[in-house]
Amino acid sequence: MERPVCRMRRAPTWWEFTLSDMRHALEYKVSLPVKAESAYAWHEHHSAFNRLSPAWESQVMLSTDGITEGGRAVIAMTAPWGKMFWHAEHFDVRKGVSFSDRQLKGPFKFWEHTHAFEAESQEASTLID
């Protein structure tokens, strides 16, 4: 059975995500006008989380070890019932190629997320998130 694919137009790139009936997974793909290594390096920057978080969400990175194998992060979030904390850990780190993170403690029963950077050409790549 083919999984449903949804596409949303977001200038200047196409976002694509696939819904998986196996683990309630959601996958986004976006074309980037930069090398895969550059996109990975952008995610390594200490302010990347804040730049990726929507302005209307109250999330603050309290601590991070960076994108390293076993590196941990603590994020504070505001929920209707008060402040809560999300503890996450990076794993399967392949510098310049991909990294994954998983929830150690937080709002979800289970959370694992992979960021992969695929080269499309000398000057373009795809982020699969």
# chains A, B, ... in the order shown; residues from 1 in each chain; ligands from 1
>>> residues_around(residues="segment 99-113 of chain A", least_positions_apart="2", cutoff="12 Å", atoms="only C-alpha atoms", output="ChimeraX atom specification")
/A:23-28,40-41,43-44,66-79,83-97,115-117,127-129
>>> write_last_selection(atoms="N, CA and C atoms", output="short mmCIF file (atom, residue, chain, number, x, y, z; two decimals), in the first residue's frame")
data_model
loop_
_atom_site.label_atom_id
_atom_site.label_comp_id
_atom_site.auth_asym_id
_atom_site.auth_seq_id
_atom_site.Cartn_x
_atom_site.Cartn_y
_atom_site.Cartn_z
N ARG A 23 4.62 3.89 12.53
CA ARG A 23 5.02 4.47 13.81
C ARG A 23 4.55 5.90 13.95
N HIS A 24 3.54 6.27 13.23
CA HIS A 24 3.06 7.64 13.26
C HIS A 24 4.20 8.61 12.95
N ALA A 25 4.92 8.31 11.89
CA ALA A 25 6.08 9.12 11.51
C ALA A 25 5.66 10.20 10.53
N LEU A 26 6.38 11.29 10.56
CA LEU A 26 6.16 12.40 9.66
C LEU A 26 7.51 12.78 9.08
N GLU A 27 7.61 12.84 7.76
CA GLU A 27 8.88 13.15 7.12
C GLU A 27 8.72 14.37 6.22
N TYR A 28 9.59 15.35 6.41
CA TYR A 28 9.61 16.55 5.59
C TYR A 28 10.84 16.53 4.71
N TYR A 40 24.32 21.22 7.15
CA TYR A 40 24.62 20.54 8.42
C TYR A 40 25.30 21.51 9.38
N ALA A 41 26.28 22.25 8.88
CA ALA A 41 27.00 23.21 9.72
C ALA A 41 26.06 24.27 10.27
N HIS A 43 22.99 23.84 11.13
CA HIS A 43 22.29 23.20 12.25
C HIS A 43 23.18 23.06 13.48
N GLU A 44 24.49 23.00 13.28
CA GLU A 44 25.41 22.89 14.41
C GLU A 44 25.57 24.20 15.19
N GLY A 66 25.80 20.41 22.13
CA GLY A 66 26.03 20.47 20.69
C GLY A 66 25.69 19.14 20.02
N ILE A 67 25.86 19.10 18.72
CA ILE A 67 25.55 17.89 17.97
C ILE A 67 26.75 16.96 18.02
N THR A 68 26.80 16.17 19.07
CA THR A 68 27.84 15.18 19.27
C THR A 68 27.18 13.88 19.70
N GLU A 69 27.83 12.76 19.47
CA GLU A 69 27.29 11.47 19.89
C GLU A 69 27.07 11.50 21.40
N GLY A 70 25.85 11.29 21.83
CA GLY A 70 25.52 11.30 23.25
C GLY A 70 25.33 12.70 23.82
N GLY A 71 25.48 13.73 22.98
CA GLY A 71 25.29 15.10 23.44
C GLY A 71 23.86 15.32 23.89
N ARG A 72 23.69 16.06 24.96
CA ARG A 72 22.35 16.28 25.52
C ARG A 72 21.94 17.73 25.46
N ALA A 73 20.62 17.93 25.50
CA ALA A 73 20.05 19.28 25.50
C ALA A 73 18.86 19.30 26.44
N VAL A 74 18.63 20.45 27.05
CA VAL A 74 17.45 20.66 27.89
C VAL A 74 16.74 21.89 27.35
N ILE A 75 15.46 21.72 27.05
CA ILE A 75 14.63 22.78 26.49
C ILE A 75 13.50 23.07 27.47
N ALA A 76 13.28 24.34 27.77
CA ALA A 76 12.16 24.75 28.62
C ALA A 76 11.03 25.21 27.71
N MET A 77 9.83 24.76 28.01
CA MET A 77 8.65 25.12 27.23
C MET A 77 7.54 25.55 28.17
N THR A 78 6.69 26.44 27.68
CA THR A 78 5.54 26.86 28.46
C THR A 78 4.30 26.16 27.92
N ALA A 79 3.60 25.48 28.80
CA ALA A 79 2.35 24.81 28.45
C ALA A 79 1.22 25.50 29.21
N LYS A 83 5.33 25.59 33.20
CA LYS A 83 6.59 25.31 32.52
C LYS A 83 6.90 23.82 32.58
N MET A 84 7.42 23.30 31.47
CA MET A 84 7.88 21.91 31.46
C MET A 84 9.23 21.85 30.75
N PHE A 85 9.94 20.77 30.98
CA PHE A 85 11.28 20.63 30.45
C PHE A 85 11.38 19.39 29.56
N TRP A 86 12.10 19.54 28.46
CA TRP A 86 12.31 18.45 27.52
C TRP A 86 13.79 18.14 27.51
N HIS A 87 14.13 16.90 27.85
CA HIS A 87 15.51 16.44 27.87
C HIS A 87 15.71 15.54 26.65
N ALA A 88 16.70 15.86 25.83
CA ALA A 88 16.93 15.10 24.60
C ALA A 88 18.40 14.73 24.48
N GLU A 89 18.67 13.72 23.65
CA GLU A 89 20.03 13.24 23.43
C GLU A 89 20.24 12.99 21.94
N HIS A 90 21.42 13.38 21.44
CA HIS A 90 21.77 13.11 20.05
C HIS A 90 22.39 11.71 19.93
N PHE A 91 22.12 11.04 18.82
CA PHE A 91 22.71 9.73 18.56
C PHE A 91 22.82 9.54 17.05
N ASP A 92 23.52 8.51 16.62
CA ASP A 92 23.76 8.23 15.20
C ASP A 92 24.26 9.48 14.47
N VAL A 93 25.21 10.17 15.10
CA VAL A 93 25.76 11.40 14.51
C VAL A 93 26.78 11.02 13.44
N ARG A 94 26.52 11.48 12.21
CA ARG A 94 27.44 11.29 11.08
C ARG A 94 27.74 12.69 10.56
N LYS A 95 28.80 13.28 11.05
CA LYS A 95 29.14 14.68 10.78
C LYS A 95 29.05 15.01 9.29
N GLY A 96 28.29 16.07 9.00
CA GLY A 96 28.12 16.53 7.63
C GLY A 96 27.06 15.77 6.85
N VAL A 97 26.52 14.69 7.43
CA VAL A 97 25.57 13.82 6.71
C VAL A 97 24.22 13.74 7.41
N HIS A 115 17.64 14.01 11.17
CA HIS A 115 17.90 15.10 10.24
C HIS A 115 18.96 14.56 9.26
N ALA A 116 18.62 14.44 7.99
CA ALA A 116 19.57 13.94 6.98
C ALA A 116 19.76 14.98 5.90
N PHE A 117 20.99 15.11 5.44
CA PHE A 117 21.36 16.12 4.45
C PHE A 117 21.93 15.39 3.24
N LEU A 127 17.22 18.53 2.57
CA LEU A 127 17.12 18.23 4.00
C LEU A 127 15.92 17.33 4.17
N ILE A 128 16.16 16.17 4.74
CA ILE A 128 15.07 15.23 5.06
C ILE A 128 14.96 15.24 6.58
N ASP A 129 13.81 15.67 7.05
CA ASP A 129 13.62 15.93 8.46
C ASP A 129 12.40 15.22 8.99
#
>>> atom_distance(atom1="atom CA of Pro33 of chain A", atom2="atom CA of Ala48 of chain A")
17.6 Å
>>> select_by_dssp(residues="segment 11-103 of chain A", states="strand (DSSP E or B)", output="count of residues only")
49
>>> select_by_dssp(residues="chain A", states="helix (DSSP H, G or I)", output="PyMOL selection string")
chain A and resi 36-44+48-52
>>> write_last_selection(atoms="C-alpha atoms", output="PDB file, in the first residue's frame")
ATOM      1  CA  ALA A  36      24.762  19.431   2.303  1.00  0.00           C
ATOM      2  CA  GLU A  37      27.823  20.079   4.478  1.00  0.00           C
ATOM      3  CA  SER A  38      26.877  23.777   4.768  1.00  0.00           C
ATOM      4  CA  ALA A  39      23.304  22.936   5.763  1.00  0.00           C
ATOM      5  CA  TYR A  40      24.617  20.538   8.419  1.00  0.00           C
ATOM      6  CA  ALA A  41      27.003  23.214   9.719  1.00  0.00           C
ATOM      7  CA  TRP A  42      24.087  25.671   9.962  1.00  0.00           C
ATOM      8  CA  HIS A  43      22.288  23.203  12.248  1.00  0.00           C
ATOM      9  CA  GLU A  44      25.413  22.892  14.412  1.00  0.00           C
ATOM     10  CA  ALA A  48      20.017  27.101  15.231  1.00  0.00           C
ATOM     11  CA  PHE A  49      17.325  25.800  17.604  1.00  0.00           C
ATOM     12  CA  ASN A  50      16.082  29.311  18.358  1.00  0.00           C
ATOM     13  CA  ARG A  51      16.122  30.231  14.644  1.00  0.00           C
ATOM     14  CA  LEU A  52      14.068  27.124  13.802  1.00  0.00           C
TER      15      LEU A  52
END
>>> decode(residues="segment 47-70 of chain A", atoms="N, CA and C atoms", output="PDB file, in the first residue's frame")
ATOM      1  N   SER A  47      22.807  28.875  17.848  1.00  0.00           N
ATOM      2  CA  SER A  47      21.499  29.541  17.807  1.00  0.00           C
ATOM      3  C   SER A  47      20.509  28.881  16.833  1.00  0.00           C
ATOM      4  N   ALA A  48      20.879  27.744  16.229  1.00  0.00           N
ATOM      5  CA  ALA A  48      20.017  27.101  15.231  1.00  0.00           C
ATOM      6  C   ALA A  48      18.642  26.737  15.807  1.00  0.00           C
ATOM      7  N   PHE A  49      18.609  26.196  17.016  1.00  0.00           N
ATOM      8  CA  PHE A  49      17.325  25.800  17.604  1.00  0.00           C
ATOM      9  C   PHE A  49      16.392  26.997  17.718  1.00  0.00           C
ATOM     10  N   ASN A  50      16.916  28.111  18.212  1.00  0.00           N
ATOM     11  CA  ASN A  50      16.082  29.311  18.358  1.00  0.00           C
ATOM     12  C   ASN A  50      15.631  29.845  16.999  1.00  0.00           C
ATOM     13  N   ARG A  51      16.492  29.759  15.977  1.00  0.00           N
ATOM     14  CA  ARG A  51      16.122  30.231  14.644  1.00  0.00           C
ATOM     15  C   ARG A  51      15.069  29.330  14.002  1.00  0.00           C
ATOM     16  N   LEU A  52      15.040  28.062  14.373  1.00  0.00           N
ATOM     17  CA  LEU A  52      14.068  27.124  13.802  1.00  0.00           C
ATOM     18  C   LEU A  52      12.740  27.105  14.556  1.00  0.00           C
ATOM     19  N   SER A  53      12.729  27.583  15.783  1.00  0.00           N
ATOM     20  CA  SER A  53      11.510  27.560  16.600  1.00  0.00           C
ATOM     21  C   SER A  53      10.580  28.713  16.224  1.00  0.00           C
ATOM     22  N   PRO A  54       9.284  28.424  16.060  1.00  0.00           N
ATOM     23  CA  PRO A  54       8.328  29.499  15.743  1.00  0.00           C
ATOM     24  C   PRO A  54       8.308  30.564  16.841  1.00  0.00           C
ATOM     25  N   ALA A  55       8.171  31.806  16.437  1.00  0.00           N
ATOM     26  CA  ALA A  55       8.190  32.929  17.384  1.00  0.00           C
ATOM     27  C   ALA A  55       7.062  32.853  18.408  1.00  0.00           C
ATOM     28  N   TRP A  56       5.926  32.272  18.037  1.00  0.00           N
ATOM     29  CA  TRP A  56       4.777  32.227  18.944  1.00  0.00           C
ATOM     30  C   TRP A  56       4.904  31.115  19.990  1.00  0.00           C
ATOM     31  N   GLU A  57       5.877  30.226  19.836  1.00  0.00           N
ATOM     32  CA  GLU A  57       6.072  29.170  20.826  1.00  0.00           C
ATOM     33  C   GLU A  57       7.119  29.608  21.829  1.00  0.00           C
ATOM     34  N   SER A  58       6.830  29.391  23.082  1.00  0.00           N
ATOM     35  CA  SER A  58       7.742  29.791  24.138  1.00  0.00           C
ATOM     36  C   SER A  58       8.671  28.629  24.473  1.00  0.00           C
ATOM     37  N   GLN A  59       9.772  28.542  23.723  1.00  0.00           N
ATOM     38  CA  GLN A  59      10.762  27.490  23.932  1.00  0.00           C
ATOM     39  C   GLN A  59      12.127  28.135  24.098  1.00  0.00           C
ATOM     40  N   VAL A  60      12.880  27.674  25.077  1.00  0.00           N
ATOM     41  CA  VAL A  60      14.211  28.210  25.321  1.00  0.00           C
ATOM     42  C   VAL A  60      15.166  27.049  25.542  1.00  0.00           C
ATOM     43  N   MET A  61      16.276  27.049  24.811  1.00  0.00           N
ATOM     44  CA  MET A  61      17.311  26.047  25.018  1.00  0.00           C
ATOM     45  C   MET A  61      18.088  26.440  26.280  1.00  0.00           C
ATOM     46  N   LEU A  62      17.968  25.644  27.328  1.00  0.00           N
ATOM     47  CA  LEU A  62      18.647  25.953  28.587  1.00  0.00           C
ATOM     48  C   LEU A  62      20.101  25.491  28.578  1.00  0.00           C
ATOM     49  N   SER A  63      20.333  24.331  27.976  1.00  0.00           N
ATOM     50  CA  SER A  63      21.701  23.821  27.890  1.00  0.00           C
ATOM     51  C   SER A  63      21.812  22.873  26.711  1.00  0.00           C
ATOM     52  N   THR A  64      23.005  22.784  26.149  1.00  0.00           N
ATOM     53  CA  THR A  64      23.245  21.849  25.055  1.00  0.00           C
ATOM     54  C   THR A  64      24.718  21.497  24.996  1.00  0.00           C
ATOM     55  N   ASP A  65      24.998  20.258  24.632  1.00  0.00           N
ATOM     56  CA  ASP A  65      26.365  19.798  24.413  1.00  0.00           C
ATOM     57  C   ASP A  65      26.727  19.893  22.938  1.00  0.00           C
ATOM     58  N   GLY A  66      25.804  20.407  22.127  1.00  0.00           N
ATOM     59  CA  GLY A  66      26.028  20.468  20.686  1.00  0.00           C
ATOM     60  C   GLY A  66      25.692  19.142  20.021  1.00  0.00           C
ATOM     61  N   ILE A  67      25.864  19.101  18.716  1.00  0.00           N
ATOM     62  CA  ILE A  67      25.545  17.887  17.970  1.00  0.00           C
ATOM     63  C   ILE A  67      26.754  16.961  18.019  1.00  0.00           C
ATOM     64  N   THR A  68      26.796  16.172  19.074  1.00  0.00           N
ATOM     65  CA  THR A  68      27.842  15.179  19.275  1.00  0.00           C
ATOM     66  C   THR A  68      27.177  13.879  19.702  1.00  0.00           C
ATOM     67  N   GLU A  69      27.834  12.762  19.473  1.00  0.00           N
ATOM     68  CA  GLU A  69      27.288  11.472  19.893  1.00  0.00           C
ATOM     69  C   GLU A  69      27.074  11.495  21.400  1.00  0.00           C
ATOM     70  N   GLY A  70      25.848  11.287  21.831  1.00  0.00           N
ATOM     71  CA  GLY A  70      25.517  11.303  23.246  1.00  0.00           C
ATOM     72  C   GLY A  70      25.329  12.699  23.819  1.00  0.00           C
TER      73      GLY A  70
END
